[in-house]
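J.: Would you mind keeping the following structure in view while I ask a few things?
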Amino acid sequence: MPEHKRKVGDRGQVTIPKELRDRRGIEGGDEVEFVEVNDEIIIKPPTDEERLAEGYRKRAERSRELAEEMEEASAEATGHLGDAPSWSE
């Protein structure tokens, strides 16, 4: 990960490098959040409800896909090996 250095202006202003803005989808007029974590300052796009909801939708869809894949694999294994024996102690 390349470092990007910038000077802080007299009024505390810093320009976010274009490469980073493009990669993160930050455009002029957008708000960003400043988060202090330990000895670092993190600048990030704000987490809004729609962006958060979209993340949950993607995760739920991927969970459904994985469940379907596991069901198919389980059915295939049962076809080759038969039903699992009942376990008793």
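Just remember, in the structure tokens the first chain shown is A, the second B, etc., residues are 1-based per chain, and ligands are 1-based in the order shown.
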Can you list every residue of segment 30-64 of chain A that has an atom at most 10 Å from segment 10-25 of chain A, with its nearest atom pair and the distance in Å to one decimal, using only C-alpha atoms, ordered by chain then number, as CSV?
T.:
residue,atom,partner,partner_atom,distance
A:Asp30,CA,A:Gly25,CA,9.4
A:Ile43,CA,A:Ile16,CA,9.2
A:Lys44,CA,A:Arg24,CA,8.4
A:Pro45,CA,A:Arg24,CA,7.9
J.: Where in segment 3-88 of chain A does DSSP assign alpha helix (DSSP H), given as a short mmCIF file (atom, residue, chain, number, x, y, z; two decimals) with C-alpha atoms, in the first residue's frame?
T.:
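Saved the output as part.cif:
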data_model
loop_
_atom_site.label_atom_id
_atom_site.label_comp_id
_atom_site.auth_asym_id
_atom_site.auth_seq_id
_atom_site.Cartn_x
_atom_site.Cartn_y
_atom_site.Cartn_z
CA LYS A 18 -7.14 11.65 -6.28
CA GLU A 19 -6.15 7.98 -6.51
CA LEU A 20 -7.64 7.35 -3.06
CA ARG A 21 -10.77 9.45 -3.73
CA ASP A 22 -11.39 7.54 -6.96
CA ARG A 23 -10.86 4.16 -5.33
CA ARG A 24 -13.24 4.98 -2.47
CA GLU A 49 -28.25 3.61 6.60
CA GLU A 50 -28.63 2.72 2.91
CA ARG A 51 -24.97 1.73 2.54
CA LEU A 52 -25.22 -0.35 5.72
CA ALA A 53 -28.46 -2.00 4.54
CA GLU A 54 -26.86 -2.83 1.18
CA GLY A 55 -24.00 -4.54 3.01
CA TYR A 56 -26.46 -6.63 5.02
CA ARG A 57 -28.39 -7.53 1.85
CA LYS A 58 -25.20 -8.70 0.13
CA ARG A 59 -24.20 -10.73 3.18
CA ALA A 60 -27.65 -12.34 3.43
CA GLU A 61 -27.57 -13.23 -0.28
CA ARG A 62 -24.11 -14.78 0.07
CA SER A 63 -25.32 -16.77 3.10
CA ARG A 64 -28.22 -18.12 1.02
CA GLU A 65 -25.84 -19.05 -1.80
CA LEU A 66 -23.52 -20.87 0.62
CA ALA A 67 -26.45 -22.72 2.20
CA GLU A 68 -27.55 -23.89 -1.28
CA GLU A 69 -24.00 -25.00 -2.14
CA MET A 70 -23.72 -26.90 1.14
CA GLU A 71 -27.11 -28.55 0.58
CA GLU A 72 -26.03 -29.68 -2.90
CA ALA A 73 -22.70 -30.99 -1.59
CA SER A 74 -24.45 -32.81 1.24
CA ALA A 75 -26.92 -34.42 -1.16
CA GLU A 76 -24.05 -35.46 -3.43
CA ALA A 77 -22.12 -36.96 -0.51
CA THR A 78 -25.22 -38.82 0.66
CA GLY A 79 -25.65 -40.20 -2.84
CA HIS A 80 -22.08 -41.54 -2.81
CA LEU A 81 -21.81 -42.61 0.82
#
J.: One decimal, in Å: what's the spacing between atom CA of Glu3 of chain A and atom CA of Asp39 of chain A?
T.: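 That distance, rounded to one decimal, is 16.7 Å.
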J.: Where does DSSP see strand (DSSP E) in chain A, if you list the residues as a VMD selection string?
T.: chain A and resid 33 to 37 40 to 44
